[in-house]
Amino acid sequence: MTVQRPFEEVRALLLERARERRNPFDRTDPGTAEGIVRGLRSTAHDEWVHAFGAAAQARERDIDAYGYWRVARYPAPTSPLKRDAYRRSQEHYLRAMAAEQPPLERVLIPFRGRQGEGTAIEAHLRVPAGSGRRPLVVMWGGIDSFKEERRPEPYLAAGFSTLGIDMPGVADAPLAGSTDAERMWNPIFDWVGTRAELDPDRVAVMGNSTGGYWASKLSRTHRDRIRAAVVNGGPVHDSFTPAWIARAQVGEYPFELAETLAAAFGGSTYDDWVRIAPSLSLVDLGILDQPSAPLLAVHGEDDTVFPVSDARRLTDAGADAHITPGGHLSGDTAGAIVRWLAARLD
């Protein structure tokens with residue numbers, strides 16, 4: 001049975017995020033976003049997309065239009081209206097990035113999946129200026145933050161190349177999340193070796209939020225293909241229990257958490273997620289019992305999306321830890337992550 005919260009509680013969470021320019025409002029004006037949220041009567045897709053889409057159409061700069069279309073498709077493009085909003089956000093984002101340095105290169109990596117799956121992995125490659133083969137950080141977000149939302153500047157400044165992708169089950173990924181969707185990374189690692197500017201022997205992976213699940217898994221299943229992995233606020237085991245799912249549904253995530261998680265793994269409803277989630281446990285699958293590449297677990301002590309106990313399961317299995325005060329993906333952790341990666345990609 002779906003666990004829901006009153007809309008006024010949803011509104012209060014959204015207003016706090018809008019004022020602080022936190023996900024999904026990091027590219028919107030706080031006053032404008034707050035005014036839109038105050039005018040909403042619900043998060044119904046038609047009302048939500050119309051309100052933020054109208055704000056996007058009023059922006060002159062592509063980067064600003066992208067910011068509002070990004071909110072319009074939040075948390076995920078799970079309806080025709082939100083899918084259209086996502087495509088519009090992509091168009092504006094790519095135009096805005098056209099003059100950035102180092103340049104953003106859209107790449108299509110061939111993917112040979114199963115019947116009904118896609119044929120390519122769309123990715124955003126950025127390589128710092130200079131000669132020689134550069135170390136690469138393959139990075140992705142979770143259920144609501146896609147390749148367009150990767151913020152690679154600290155990693156580029158440290159001399160790393162970056163490859164932004166979508167985790168399985170979201171955005172442009174060619175396959176749904178499942179108990180073996182880590183196979184999506186096989187052609188990515190193969191492709192790295194075909195690029196003269198990238199060093200296939202110095203590859204790290206980093207997953208944020210739900211995407212951290214895949215980084216945890218890859219640290220074991222693909223340990224021979226990577227130098228290091230970073231899990232930033234990801235689920236491992238406790239996150240997948242019915243009791244936690246019910247708690248998280250009325251935690252810091254504003255709305256549609258379980259439904260959006262379900263959508264990334266082939267479902268659509270709260271009950272779907274309760275049914276699917278236990279099958280993903282990295283403990284029950286025996287993944288944590290396997291040898292691991294160097295792994296850093298980053299987590300907020302008071303996270304109510306995925307519990308800090310999941311990060312501690314990783315550290316108990318040998319991972320390094322960077323636990324911060326606050327909730328989900330809280331604080332500025334990029335510096336600590338960059339320093340940790342630099343020691344392993346040297």
# chains A, B, ... in the order shown; residues from 1 in each chain; ligands from 1
$ residues_around --residues "range 111-126 of chain A" --least-positions-apart "2" --cutoff "9 Å" --atoms "only C-alpha atoms" --output "ChimeraX atom specification"
/A:101-109,128,147-148,152,156,160-166,172-176,183-184,186-188
$ residues_around --residues "Glu34 in chain A" --least-positions-apart "5" --cutoff "9 Å" --atoms "only C-alpha atoms" --output "PyMOL selection string"
chain A and resi 14-16+18-19+29+39
$ atom_distance --atom1 "CA of Arg38 in chain A" --atom2 "CA of Gly251 in chain A"
20.5 Å
$ residues_around --residues "Asn208 in chain A" --least-positions-apart "5" --cutoff "8 Å" --atoms "only C-alpha atoms" --output "compact mmCIF listing (two decimals) with C-alpha atoms, in the first residue's frame"
# COMPACT_ATOMS: atom_id res chain seq x y z
CA TRP A 140 26.64 8.89 -13.14
CA GLY A 141 23.78 9.93 -10.91
CA GLY A 142 20.67 8.16 -9.70
CA VAL A 231 29.89 5.36 -3.76
CA ASN A 232 28.28 8.68 -2.84
CA GLY A 233 25.14 8.10 -0.77
CA GLY A 234 24.18 4.79 -2.37
CA LEU A 329 24.38 13.99 -0.57
$ residues_around --residues "Thr333 in chain A" --least-positions-apart "4" --cutoff "9 Å" --atoms "only C-alpha atoms" --output "NGL selection string"
:A and (232 or 298 or 322 or 324 or 329 or 337-338)
$ closest_residue --among "A:Ile287, A:Ile63, A:Pro110, A:Gln57" --to "Gln90 in chain A" --atoms "only C-alpha atoms"
A:Ile63
$ atom_distance --atom1 "CA of Val49 in chain A" --atom2 "CA of Phe25 in chain A"
14.2 Å
$ atom_distance --atom1 "CA of Ala76 in chain A" --atom2 "CA of Glu47 in chain A"
15.2 Å
$ select_by_dssp --residues "range 211-279 of chain A" --states "helix (DSSP H, G or I)" --output "compact mmCIF listing (two decimals) with C-alpha atoms, in the first residue's frame"
# COMPACT_ATOMS: atom_id res chain seq x y z
CA GLY A 211 23.78 5.23 -8.83
CA GLY A 212 26.09 4.39 -5.96
CA TYR A 213 24.55 0.92 -5.99
CA TRP A 214 26.20 0.23 -9.33
CA ALA A 215 29.56 1.63 -8.19
CA SER A 216 29.48 -0.71 -5.18
CA LYS A 217 28.69 -3.64 -7.44
CA LEU A 218 31.29 -2.75 -10.07
CA SER A 219 33.98 -2.52 -7.40
CA ARG A 220 33.56 -6.30 -7.14
CA THR A 221 32.27 -7.53 -10.50
CA ASP A 238 19.14 -1.91 4.43
CA SER A 239 17.70 0.52 1.87
CA PHE A 240 15.87 -2.35 0.20
CA PRO A 242 10.06 -2.73 3.39
CA ALA A 243 10.51 -0.93 6.72
CA TRP A 244 13.11 1.46 5.30
CA ILE A 245 11.12 2.03 2.10
CA ALA A 246 8.12 3.17 4.17
CA ARG A 247 10.32 5.47 6.27
CA ALA A 248 12.11 6.96 3.28
CA LEU A 257 10.64 8.34 -4.20
CA ALA A 258 9.55 4.69 -4.25
CA GLU A 259 7.68 5.15 -7.51
CA THR A 260 10.75 6.65 -9.22
CA LEU A 261 13.01 3.94 -7.82
CA ALA A 262 10.58 1.33 -9.14
CA ALA A 263 10.60 2.97 -12.59
CA ALA A 264 14.38 2.53 -12.80
CA TYR A 270 5.25 1.94 -4.48
CA ASP A 271 4.19 -1.69 -4.20
CA ASP A 272 6.37 -2.56 -7.19
CA TRP A 273 9.39 -1.15 -5.37
CA VAL A 274 8.60 -3.06 -2.18
CA ARG A 275 8.47 -6.21 -4.33
CA ILE A 276 11.60 -5.53 -6.44
CA ALA A 277 13.95 -3.96 -3.90
CA PRO A 278 14.88 -7.00 -1.75
CA SER A 279 16.22 -8.83 -4.81
$ closest_residue --among "A:Val230, A:Val305, A:Leu341, A:Val236" --to "Phe255 in chain A" --atoms "only C-alpha atoms"
A:Val305
$ closest_residue --among "A:Ser281, A:Val192, A:Tyr68, A:Asp199" --to "Gly132 in chain A" --atoms "only C-alpha atoms"
A:Asp199
$ residues_around --residues "Arg59 in chain A" --least-positions-apart "6" --cutoff "12 Å" --atoms "only C-alpha atoms" --output "count of residues only"
12
$ residues_around --residues "Val10 in chain A" --least-positions-apart "5" --cutoff "9 Å" --atoms "only C-alpha atoms" --output "list in words"
Arg5, Leu15, Ser42, Thr43, Tyr253, Pro254 and Phe255 of chain A
$ write_last_selection --atoms "C-alpha atoms" --output "tab-separated table (two decimals), in the first residue's frame"
chain	number	residue	atom	x	y	z
A	5	ARG	CA	2.37	12.60	2.70
A	15	LEU	CA	10.49	25.47	-0.84
A	42	SER	CA	-0.21	19.39	-6.34
A	43	THR	CA	2.67	17.63	-8.06
A	253	TYR	CA	12.93	13.29	-0.58
A	254	PRO	CA	9.95	15.47	-1.57
A	255	PHE	CA	7.70	13.09	-3.51
$ select_by_dssp --residues "range 46-200 of chain A" --states "strand (DSSP E or B)" --output "list of chain:residue names"
A:Glu105, A:Arg106, A:Val107, A:Leu108, A:Ile109, A:Pro110, A:Ala120, A:Ile121, A:Glu122, A:Ala123, A:His124, A:Leu125, A:Arg126, A:Arg134, A:Pro135, A:Leu136, A:Val137, A:Val138, A:Met139, A:Trp140, A:Ser161, A:Thr162, A:Leu163, A:Gly164, A:Ile165, A:Leu198, A:Asp199, A:Pro200
$ write_last_selection --atoms "N, CA and C atoms" --output "PDB file, in the first residue's frame"
ATOM      1  N   GLU A 105      31.986  16.407 -25.608  1.00  0.00           N
ATOM      2  CA  GLU A 105      31.785  15.579 -26.795  1.00  0.00           C
ATOM      3  C   GLU A 105      30.709  14.536 -26.503  1.00  0.00           C
ATOM      4  N   ARG A 106      29.649  14.560 -27.300  1.00  0.00           N
ATOM      5  CA  ARG A 106      28.626  13.507 -27.186  1.00  0.00           C
ATOM      6  C   ARG A 106      29.135  12.265 -27.903  1.00  0.00           C
ATOM      7  N   VAL A 107      29.144  11.157 -27.209  1.00  0.00           N
ATOM      8  CA  VAL A 107      29.600   9.913 -27.824  1.00  0.00           C
ATOM      9  C   VAL A 107      28.514   8.858 -27.697  1.00  0.00           C
ATOM     10  N   LEU A 108      28.431   7.994 -28.672  1.00  0.00           N
ATOM     11  CA  LEU A 108      27.528   6.848 -28.657  1.00  0.00           C
ATOM     12  C   LEU A 108      28.372   5.584 -28.636  1.00  0.00           C
ATOM     13  N   ILE A 109      28.308   4.857 -27.538  1.00  0.00           N
ATOM     14  CA  ILE A 109      29.083   3.636 -27.361  1.00  0.00           C
ATOM     15  C   ILE A 109      28.199   2.454 -27.728  1.00  0.00           C
ATOM     16  N   PRO A 110      28.580   1.656 -28.707  1.00  0.00           N
ATOM     17  CA  PRO A 110      27.725   0.530 -29.108  1.00  0.00           C
ATOM     18  C   PRO A 110      27.430  -0.412 -27.944  1.00  0.00           C
ATOM     19  N   ALA A 120      22.817   1.528 -27.980  1.00  0.00           N
ATOM     20  CA  ALA A 120      23.929   2.453 -27.729  1.00  0.00           C
ATOM     21  C   ALA A 120      23.813   3.059 -26.338  1.00  0.00           C
ATOM     22  N   ILE A 121      24.965   3.418 -25.791  1.00  0.00           N
ATOM     23  CA  ILE A 121      25.061   4.143 -24.528  1.00  0.00           C
ATOM     24  C   ILE A 121      25.478   5.565 -24.868  1.00  0.00           C
ATOM     25  N   GLU A 122      24.613   6.527 -24.598  1.00  0.00           N
ATOM     26  CA  GLU A 122      24.949   7.920 -24.872  1.00  0.00           C
ATOM     27  C   GLU A 122      25.722   8.481 -23.682  1.00  0.00           C
ATOM     28  N   ALA A 123      26.824   9.161 -23.972  1.00  0.00           N
ATOM     29  CA  ALA A 123      27.693   9.656 -22.902  1.00  0.00           C
ATOM     30  C   ALA A 123      28.243  11.023 -23.263  1.00  0.00           C
ATOM     31  N   HIS A 124      28.688  11.737 -22.236  1.00  0.00           N
ATOM     32  CA  HIS A 124      29.312  13.049 -22.403  1.00  0.00           C
ATOM     33  C   HIS A 124      30.761  12.957 -21.954  1.00  0.00           C
ATOM     34  N   LEU A 125      31.669  13.114 -22.902  1.00  0.00           N
ATOM     35  CA  LEU A 125      33.103  13.033 -22.621  1.00  0.00           C
ATOM     36  C   LEU A 125      33.704  14.418 -22.558  1.00  0.00           C
ATOM     37  N   ARG A 126      34.534  14.658 -21.535  1.00  0.00           N
ATOM     38  CA  ARG A 126      35.306  15.891 -21.446  1.00  0.00           C
ATOM     39  C   ARG A 126      36.739  15.534 -21.070  1.00  0.00           C
ATOM     40  N   ARG A 134      45.033  10.413 -20.421  1.00  0.00           N
ATOM     41  CA  ARG A 134      44.583  10.907 -19.125  1.00  0.00           C
ATOM     42  C   ARG A 134      43.798   9.834 -18.359  1.00  0.00           C
ATOM     43  N   PRO A 135      43.894   9.860 -17.023  1.00  0.00           N
ATOM     44  CA  PRO A 135      43.004   9.008 -16.248  1.00  0.00           C
ATOM     45  C   PRO A 135      41.558   9.445 -16.458  1.00  0.00           C
ATOM     46  N   LEU A 136      40.643   8.509 -16.295  1.00  0.00           N
ATOM     47  CA  LEU A 136      39.230   8.760 -16.580  1.00  0.00           C
ATOM     48  C   LEU A 136      38.375   8.420 -15.374  1.00  0.00           C
ATOM     49  N   VAL A 137      37.437   9.319 -15.059  1.00  0.00           N
ATOM     50  CA  VAL A 137      36.409   9.043 -14.061  1.00  0.00           C
ATOM     51  C   VAL A 137      35.077   8.903 -14.796  1.00  0.00           C
ATOM     52  N   VAL A 138      34.524   7.701 -14.776  1.00  0.00           N
ATOM     53  CA  VAL A 138      33.195   7.465 -15.335  1.00  0.00           C
ATOM     54  C   VAL A 138      32.194   7.768 -14.223  1.00  0.00           C
ATOM     55  N   MET A 139      31.283   8.714 -14.479  1.00  0.00           N
ATOM     56  CA  MET A 139      30.404   9.188 -13.409  1.00  0.00           C
ATOM     57  C   MET A 139      28.945   9.172 -13.835  1.00  0.00           C
ATOM     58  N   TRP A 140      28.086   8.903 -12.873  1.00  0.00           N
ATOM     59  CA  TRP A 140      26.643   8.890 -13.142  1.00  0.00           C
ATOM     60  C   TRP A 140      25.888   9.214 -11.857  1.00  0.00           C
ATOM     61  N   SER A 161      40.044  13.135 -17.001  1.00  0.00           N
ATOM     62  CA  SER A 161      38.963  13.175 -17.981  1.00  0.00           C
ATOM     63  C   SER A 161      37.700  12.651 -17.303  1.00  0.00           C
ATOM     64  N   THR A 162      36.541  13.043 -17.822  1.00  0.00           N
ATOM     65  CA  THR A 162      35.292  12.566 -17.237  1.00  0.00           C
ATOM     66  C   THR A 162      34.369  12.057 -18.331  1.00  0.00           C
ATOM     67  N   LEU A 163      33.607  11.032 -17.998  1.00  0.00           N
ATOM     68  CA  LEU A 163      32.599  10.479 -18.899  1.00  0.00           C
ATOM     69  C   LEU A 163      31.297  10.388 -18.125  1.00  0.00           C
ATOM     70  N   GLY A 164      30.341  11.263 -18.468  1.00  0.00           N
ATOM     71  CA  GLY A 164      29.047  11.259 -17.809  1.00  0.00           C
ATOM     72  C   GLY A 164      28.090  10.336 -18.536  1.00  0.00           C
ATOM     73  N   ILE A 165      27.450   9.440 -17.792  1.00  0.00           N
ATOM     74  CA  ILE A 165      26.496   8.494 -18.368  1.00  0.00           C
ATOM     75  C   ILE A 165      25.239   8.461 -17.505  1.00  0.00           C
ATOM     76  N   LEU A 198      42.682   8.611 -23.638  1.00  0.00           N
ATOM     77  CA  LEU A 198      42.280   8.036 -22.360  1.00  0.00           C
ATOM     78  C   LEU A 198      43.170   6.857 -21.998  1.00  0.00           C
ATOM     79  N   ASP A 199      43.464   6.724 -20.709  1.00  0.00           N
ATOM     80  CA  ASP A 199      44.312   5.641 -20.224  1.00  0.00           C
ATOM     81  C   ASP A 199      43.429   4.516 -19.676  1.00  0.00           C
ATOM     82  N   PRO A 200      43.305   3.390 -20.374  1.00  0.00           N
ATOM     83  CA  PRO A 200      42.428   2.317 -19.908  1.00  0.00           C
ATOM     84  C   PRO A 200      42.916   1.642 -18.637  1.00  0.00           C
TER      85      PRO A 200
END
